[in-house]
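*Asks:* The structure file protein_14.cif (mmCIF, C-alpha atoms) is provided below.
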```cif
data_my_file
#
loop_
_atom_site.label_atom_id
_atom_site.label_comp_id
_atom_site.auth_asym_id
_atom_site.auth_seq_id
_atom_site.Cartn_x
_atom_site.Cartn_y
_atom_site.Cartn_z
CA MET W 1 144.96 -105.77 149.98
CA GLY W 2 146.72 -102.88 151.72
CA MET W 3 150.38 -102.00 151.48
CA VAL W 4 152.79 -104.01 153.64
CA PHE W 5 155.79 -102.15 155.05
CA LEU W 6 158.77 -104.18 156.28
CA PRO W 7 161.13 -102.74 158.90
CA LEU W 8 164.46 -101.66 157.39
CA ALA W 9 166.43 -104.11 159.58
CA LEU W 10 164.30 -107.00 158.29
CA MET W 11 164.73 -105.87 154.70
CA LEU W 12 168.49 -105.85 155.12
CA ALA W 13 168.45 -109.28 156.77
CA LEU W 14 166.41 -110.68 153.89
CA GLY W 15 168.67 -109.07 151.33
CA ALA W 16 165.76 -107.05 149.96
CA PRO W 17 166.63 -104.02 147.84
CA GLN W 18 166.69 -100.84 149.88
CA PRO W 19 164.29 -98.07 148.88
CA PRO W 20 165.91 -94.87 147.61
CA ARG W 21 166.95 -92.47 150.34
CA PRO W 22 164.70 -89.36 150.23
CA VAL W 23 166.56 -86.04 150.15
CA VAL W 24 164.63 -82.77 150.30
CA VAL W 25 165.92 -80.04 147.98
CA GLU W 26 164.41 -76.59 148.54
CA LEU W 27 164.86 -73.74 146.07
CA PHE W 28 164.08 -70.17 147.12
CA THR W 29 163.35 -68.33 143.91
CA SER W 30 161.31 -65.52 142.33
CA GLU W 31 159.97 -64.65 138.91
CA GLY W 32 161.27 -61.12 139.50
CA CYS W 33 164.91 -62.25 139.78
CA SER W 34 166.94 -62.52 136.56
CA SER W 35 169.36 -64.97 138.20
CA CYS W 36 166.59 -67.41 139.15
CA PRO W 37 165.54 -69.08 135.85
CA PRO W 38 168.80 -71.10 135.63
CA ALA W 39 168.20 -72.30 139.20
CA ASP W 40 164.63 -73.28 138.31
CA GLU W 41 166.09 -75.37 135.48
CA VAL W 42 168.51 -77.04 137.90
CA LEU W 43 165.61 -77.96 140.18
CA GLN W 44 163.78 -79.50 137.22
CA ARG W 45 166.84 -81.59 136.35
CA LEU W 46 167.24 -82.71 139.96
CA GLU W 47 163.59 -83.75 140.02
CA SER W 48 164.41 -86.24 137.23
CA GLN W 49 166.42 -88.23 139.84
CA PRO W 50 170.05 -87.99 138.58
CA VAL W 51 171.65 -89.44 141.74
CA PRO W 52 171.49 -93.26 142.04
CA GLY W 53 169.94 -94.54 145.25
CA VAL W 54 168.38 -91.18 146.05
CA GLU W 55 164.83 -89.88 145.71
CA VAL W 56 165.13 -86.11 145.28
CA ILE W 57 162.04 -84.44 146.73
CA ALA W 58 161.95 -80.98 145.17
CA LEU W 59 160.28 -77.95 146.77
CA GLY W 60 160.18 -74.65 144.88
CA PHE W 61 159.52 -71.80 147.31
CA HIS W 62 158.74 -68.47 145.63
CA VAL W 63 159.63 -65.64 148.02
CA ASP W 64 157.85 -62.29 148.08
CA TYR W 65 160.62 -59.73 148.61
CA TRP W 66 160.95 -59.23 144.85
CA ASP W 67 157.25 -58.46 144.40
CA ASN W 68 157.62 -54.67 144.67
CA LEU W 69 160.50 -54.50 142.18
CA GLY W 70 158.60 -54.54 138.90
CA TRP W 71 156.80 -57.88 138.85
CA ARG W 72 154.61 -59.68 141.36
CA ASP W 73 155.24 -63.44 141.39
CA ARG W 74 151.83 -65.11 141.56
CA PHE W 75 153.32 -68.10 143.39
CA SER W 76 155.04 -66.02 146.07
CA ASP W 77 154.14 -66.15 149.75
CA GLY W 78 155.45 -64.32 152.79
CA ALA W 79 155.54 -67.63 154.65
CA PHE W 80 158.15 -68.86 152.19
CA THR W 81 160.27 -65.76 152.84
CA ALA W 82 159.95 -66.44 156.57
CA ARG W 83 161.16 -70.00 155.99
CA GLN W 84 164.22 -68.80 154.11
CA THR W 85 164.90 -66.22 156.81
CA ALA W 86 164.87 -68.99 159.42
CA TYR W 87 167.50 -70.85 157.40
CA ALA W 88 169.61 -67.68 157.17
CA ARG W 89 169.65 -67.50 160.96
CA ALA W 90 170.48 -71.20 161.28
CA PHE W 91 173.32 -70.92 158.74
CA HIS W 92 174.58 -67.63 160.28
CA GLN W 93 174.02 -65.73 157.02
CA SER W 94 173.75 -61.96 157.19
CA SER W 95 170.84 -61.83 154.71
CA VAL W 96 168.64 -63.82 152.35
CA TYR W 97 169.14 -64.00 148.60
CA THR W 98 167.81 -65.62 145.45
CA PRO W 99 168.32 -68.11 144.09
CA GLU W 100 169.26 -70.16 147.15
CA MET W 101 169.12 -73.94 147.37
CA VAL W 102 168.96 -75.80 150.68
CA VAL W 103 169.52 -79.57 150.89
CA ASP W 104 167.91 -81.52 153.74
CA GLY W 105 167.84 -78.36 155.84
CA ARG W 106 171.58 -78.59 156.45
CA SER W 107 173.42 -76.54 153.81
CA GLY W 108 172.63 -73.58 151.59
CA PHE W 109 174.33 -72.37 148.41
CA VAL W 110 173.62 -70.55 145.12
CA GLY W 111 170.69 -72.37 143.55
CA SER W 112 172.07 -72.49 140.00
CA ALA W 113 175.17 -74.45 141.11
CA GLN W 114 174.14 -77.92 139.95
CA GLY W 115 177.47 -79.52 140.87
CA ALA W 116 177.22 -78.22 144.43
CA ALA W 117 173.65 -79.50 144.58
CA VAL W 118 174.60 -83.02 143.49
CA ASP W 119 177.49 -83.09 145.98
CA ALA W 120 175.19 -81.95 148.79
CA ILE W 121 172.58 -84.55 147.84
CA ARG W 122 175.17 -87.33 147.86
CA ASP W 123 176.45 -86.14 151.23
CA ALA W 124 172.93 -86.01 152.67
CA ALA W 125 172.23 -89.54 151.43
CA GLN W 126 175.00 -90.86 153.70
CA ARG W 127 173.13 -89.78 156.83
CA PRO W 128 170.37 -91.81 158.49
CA SER W 129 166.82 -90.91 157.50
CA ALA W 130 163.80 -91.59 159.68
CA PRO W 131 161.14 -93.54 157.76
CA ILE W 132 157.89 -91.73 156.98
CA GLU W 133 155.06 -93.51 155.18
CA VAL W 134 152.33 -91.60 153.35
CA LYS W 135 149.46 -92.72 151.16
CA MET W 136 146.21 -91.32 149.84
CA GLU W 137 142.91 -92.82 150.96
CA GLY W 138 140.17 -91.04 149.06
CA ALA W 139 140.58 -87.32 149.72
CA SER W 140 142.68 -87.89 152.83
CA LEU W 141 146.42 -88.21 153.34
CA VAL W 142 147.41 -90.88 155.84
CA ILE W 143 150.77 -90.36 157.57
CA HIS W 144 152.47 -93.13 159.55
CA LEU W 145 155.76 -92.86 161.43
CA PRO W 146 157.20 -96.37 161.96
CA GLU W 147 159.96 -95.12 164.31
CA PRO W 148 158.49 -92.15 166.22
CA ALA W 149 161.33 -92.07 168.74
CA SER W 150 163.75 -91.05 165.98
CA LEU W 151 161.66 -87.91 165.39
CA GLN W 152 161.49 -86.68 168.96
CA GLY W 153 161.45 -82.90 169.04
CA ALA W 154 160.72 -82.64 165.32
CA THR W 155 158.00 -80.63 163.58
CA LEU W 156 155.98 -82.31 160.84
CA TRP W 157 155.27 -80.29 157.68
CA LEU W 158 153.00 -80.82 154.69
CA ALA W 159 153.73 -79.19 151.34
CA ILE W 160 151.54 -79.44 148.25
CA THR W 161 153.60 -78.98 145.08
CA GLU W 162 152.56 -78.55 141.46
CA ASP W 163 154.63 -79.30 138.37
CA GLY W 164 154.32 -77.95 134.85
CA LEU W 165 153.60 -74.33 135.77
CA SER W 166 154.66 -71.38 133.64
CA SER W 167 154.25 -67.60 133.56
CA ASP W 168 154.60 -64.96 130.87
CA VAL W 169 156.49 -62.25 132.71
CA LEU W 170 155.60 -58.79 131.42
CA ARG W 171 157.75 -56.52 133.58
CA GLY W 172 160.79 -56.48 135.83
CA GLU W 173 164.15 -58.18 135.33
CA ASN W 174 162.57 -61.10 133.43
CA GLY W 175 160.17 -58.99 131.37
CA GLY W 176 159.32 -60.60 128.02
CA ARG W 177 160.27 -64.12 129.12
CA ARG W 178 158.16 -67.23 129.68
CA LEU W 179 159.35 -68.91 132.87
CA HIS W 180 158.78 -72.58 133.70
CA HIS W 181 158.63 -73.99 137.22
CA ALA W 182 158.94 -77.45 138.74
CA ALA W 183 157.56 -78.50 142.12
CA ALA W 184 156.22 -75.05 142.95
CA VAL W 185 154.93 -75.10 146.51
CA ARG W 186 151.27 -74.09 146.48
CA ARG W 187 150.61 -74.76 150.16
CA LEU W 188 152.80 -75.21 153.24
CA GLN W 189 151.21 -76.39 156.48
CA ASN W 190 152.75 -76.90 159.91
CA LEU W 191 151.27 -80.12 161.30
CA GLY W 192 152.79 -79.66 164.74
CA ARG W 193 154.79 -82.28 166.58
CA ALA W 194 155.59 -85.41 164.62
CA GLY W 195 152.94 -88.09 165.03
CA ASP W 196 150.67 -90.39 163.04
CA SER W 197 147.72 -88.55 161.51
CA THR W 198 145.06 -88.43 158.80
CA ILE W 199 144.50 -85.13 157.00
CA ALA W 200 141.66 -84.26 154.65
CA ILE W 201 143.10 -82.38 151.67
CA GLU W 202 140.90 -79.79 149.99
CA LEU W 203 142.32 -78.44 146.75
CA PRO W 204 141.38 -75.35 144.72
CA ALA W 205 139.66 -76.30 141.47
CA ALA W 206 142.28 -74.41 139.42
CA TRP W 207 145.07 -76.71 140.57
CA LYS W 208 145.85 -79.60 138.21
CA ARG W 209 145.52 -82.66 140.44
CA GLU W 210 147.50 -84.86 138.05
CA ARG W 211 150.48 -82.55 138.56
CA LEU W 212 150.28 -82.40 142.36
CA HIS W 213 152.31 -84.12 145.06
CA ALA W 214 151.90 -84.15 148.81
CA VAL W 215 155.26 -83.94 150.57
CA VAL W 216 155.52 -84.72 154.26
CA PHE W 217 158.78 -84.03 156.08
CA ALA W 218 159.98 -83.93 159.67
CA GLN W 219 162.31 -81.09 160.62
CA ASP W 220 164.32 -80.58 163.78
CA ALA W 221 162.83 -77.56 165.51
CA LYS W 222 166.23 -76.12 166.51
CA SER W 223 168.79 -76.99 163.83
CA LEU W 224 166.20 -77.13 160.97
CA ALA W 225 167.82 -80.34 159.70
CA ILE W 226 165.30 -82.53 157.89
CA LEU W 227 165.15 -85.92 159.59
CA GLY W 228 162.88 -87.78 157.21
CA ALA W 229 160.55 -87.19 154.26
CA ALA W 230 158.13 -88.85 151.87
CA SER W 231 156.16 -87.83 148.79
CA VAL W 232 153.02 -89.19 147.15
CA PRO W 233 151.20 -88.10 143.96
CA LEU W 234 147.66 -86.78 144.37
CA LYS W 235 146.35 -87.95 140.99
#
```
Mind turning this structure into structure tokens?

*Replies:*
Amino acid sequence: MGMVFLPLALMLALGAPQPPRPVVVELFTSEGCSSCPPADEVLQRLESQPVPGVEVIALGFHVDYWDNLGWRDRFSDGAFTARQTAYARAFHQSSVYTPEMVVDGRSGFVGSAQGAAVDAIRDAAQRPSAPIEVKMEGASLVIHLPEPASLQGATLWLAITEDGLSSDVLRGENGGRRLHHAAAVRRLQNLGRAGDSTIAIELPAAWKRERLHAVVFAQDAKSLAILGAASVPLK
């Protein structure tokens, strides 16, 4: 039997327990930055769900502007730098920096500040969140938007994340250290305007499927606020 999704209004009327409110936490980081490992540790702690009633959906974006400063981060991508740059414009920042944490696309702050992160997560959880339903069917991800009108003007994104990654850094500011990463984004794909869809997911053989998650989130095209999100394991 397939999954049965009840509308939120009906769940409330029936007194059913509400599902945790998803909150997307993005960390812009780099293995070449000596200030970043503490922020990576904060992201790992947030991924363990420390805020009641909230599902923290972690996304670790490794930027590439540190790659020419002694150590090339193998998880870095220019697209992730472009994403952070878009946030800098939206937040009226004069430049980008690492580590930076962004919560639900609405606020940015130093990524190692766990107290600020928890406060921002709690604040985000007070806002409405558009429901997004995702599930795996074979090798395909099925995305359903129960309330499409609430996502008008939004862009739908797919991120594939991998947990349990580590690197032995040989040079640069973190030379001689083994760094551990949670929810490292291995792929980020713009799915276009928000709408129901089915996507075939092809994964490189080197990726550990049991450590992978597919994260789908809808983001306002102008403000960059995240309007809804969902995550599903790929194992």

*Asks:* What separation in Å, quoted to one decimal, exists between CA of Phe217 (chain W) and CA of Gly108 (chain W)?

*Replies:*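 Interatomic distance here is 17.9 Å.
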
*Asks:* Could you list, as JSON, numbers by chain, every residue matched by the PyMOL selection byres ((chain W and resi 172) around 6) in this structure?

*Replies:* {"W": [32, 70, 71, 171, 173, 174, 175]}

*Asks:* Restricted to C-alpha atoms, what would the selected residues look like written as a tab-separated table (two decimals), in the coordinates of the input?

*Replies:*
```
chain	number	residue	atom	x	y	z
W	32	GLY	CA	161.27	-61.12	139.50
W	70	GLY	CA	158.60	-54.54	138.90
W	71	TRP	CA	156.80	-57.88	138.85
W	171	ARG	CA	157.75	-56.52	133.58
W	173	GLU	CA	164.15	-58.18	135.33
W	174	ASN	CA	162.57	-61.10	133.43
W	175	GLY	CA	160.17	-58.99	131.37
```

*Asks:* Under the PyMOL selection byres ((chain W and resi 218) around 7), which residues of this model are included? Write them out as a list in words.

*Replies:*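 That expression, the PyMOL selection byres ((chain W and resi 218) around 7), corresponds here to Ala154, Thr155, Leu156, Trp157, Ala194, Phe217, Gln219, Asp220, Ile226, Leu227, Gly228 and Ala229 of chain W.
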
*Asks:* Excluding same-chain residues fewer than 6 positions from Pro50 (chain W), what lies within 12 Å of it counting all atoms listed in the file, as a VMD selection string?

*Replies:* chain W and resid 42 to 44 56 to 57 114 to 115 117 to 119 121 to 122

*Asks:* How would the residues just picked look written out with C-alpha atoms as a PDB file, keeping the file's coordinate frame?

*Replies:*
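Listed below is the output, out.pdb:
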```
ATOM      1  CA  VAL W  42     168.510 -77.040 137.900  1.00  0.00           C
ATOM      2  CA  LEU W  43     165.610 -77.960 140.180  1.00  0.00           C
ATOM      3  CA  GLN W  44     163.780 -79.500 137.220  1.00  0.00           C
ATOM      4  CA  VAL W  56     165.130 -86.110 145.280  1.00  0.00           C
ATOM      5  CA  ILE W  57     162.040 -84.440 146.730  1.00  0.00           C
ATOM      6  CA  GLN W 114     174.140 -77.920 139.950  1.00  0.00           C
ATOM      7  CA  GLY W 115     177.470 -79.520 140.870  1.00  0.00           C
ATOM      8  CA  ALA W 117     173.650 -79.500 144.580  1.00  0.00           C
ATOM      9  CA  VAL W 118     174.600 -83.020 143.490  1.00  0.00           C
ATOM     10  CA  ASP W 119     177.490 -83.090 145.980  1.00  0.00           C
ATOM     11  CA  ILE W 121     172.580 -84.550 147.840  1.00  0.00           C
ATOM     12  CA  ARG W 122     175.170 -87.330 147.860  1.00  0.00           C
TER      13      ARG W 122
END
```

*Asks:* Calculated over all atoms listed in the file, which of the candidates W:Leu191, W:Ala86, W:Ala39, W:Ala225 has the smallest distance to Val110 (chain W)?

*Replies:*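 Of W:Leu191, W:Ala86, W:Ala39, W:Ala225, the one nearest Val110 (chain W), counting all atoms listed in the file, is W:Ala39.
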
*Asks:* Take the point (164.8, -93.1, 147.8) in the file's coordinates, draw a sphere of radius 6 Å around it, and report as a ChimeraX atom specification every protein, DNA or RNA residue with an atom inside or on it, counting only C-alpha atoms.

*Replies:* /W:19-22,53-55

*Asks:* Deliver the residues from the most recent selection as a file, using C-alpha atoms, as a PDB file, keeping the file's coordinate frame.

*Replies:*
```pdb
ATOM      1  CA  PRO W  19     164.290 -98.070 148.880  1.00  0.00           C
ATOM      2  CA  PRO W  20     165.910 -94.870 147.610  1.00  0.00           C
ATOM      3  CA  ARG W  21     166.950 -92.470 150.340  1.00  0.00           C
ATOM      4  CA  PRO W  22     164.700 -89.360 150.230  1.00  0.00           C
ATOM      5  CA  GLY W  53     169.940 -94.540 145.250  1.00  0.00           C
ATOM      6  CA  VAL W  54     168.380 -91.180 146.050  1.00  0.00           C
ATOM      7  CA  GLU W  55     164.830 -89.880 145.710  1.00  0.00           C
TER       8      GLU W  55
END
```

*Asks:* Please write the residues picked by the PyMOL selection byres ((chain W and resi 35) around 10) on this file as a PyMOL selection string.

*Replies:* chain W and resi 29-34+36-40+98-99+110-112+173-174

*Asks:* Would you mind reading off the distance between CA of Leu27 (chain W) and CA of Ile132 (chain W), one decimal, in Å?

*Replies:*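 Here the two named atoms are 22.2 Å from each other.
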
*Asks:* When distances are computed from only C-alpha atoms, which of W:Arg193, W:Arg106, W:His181, W:Lys222 shows the smallest separation from Ala58 (chain W)?

*Replies:* W:His181
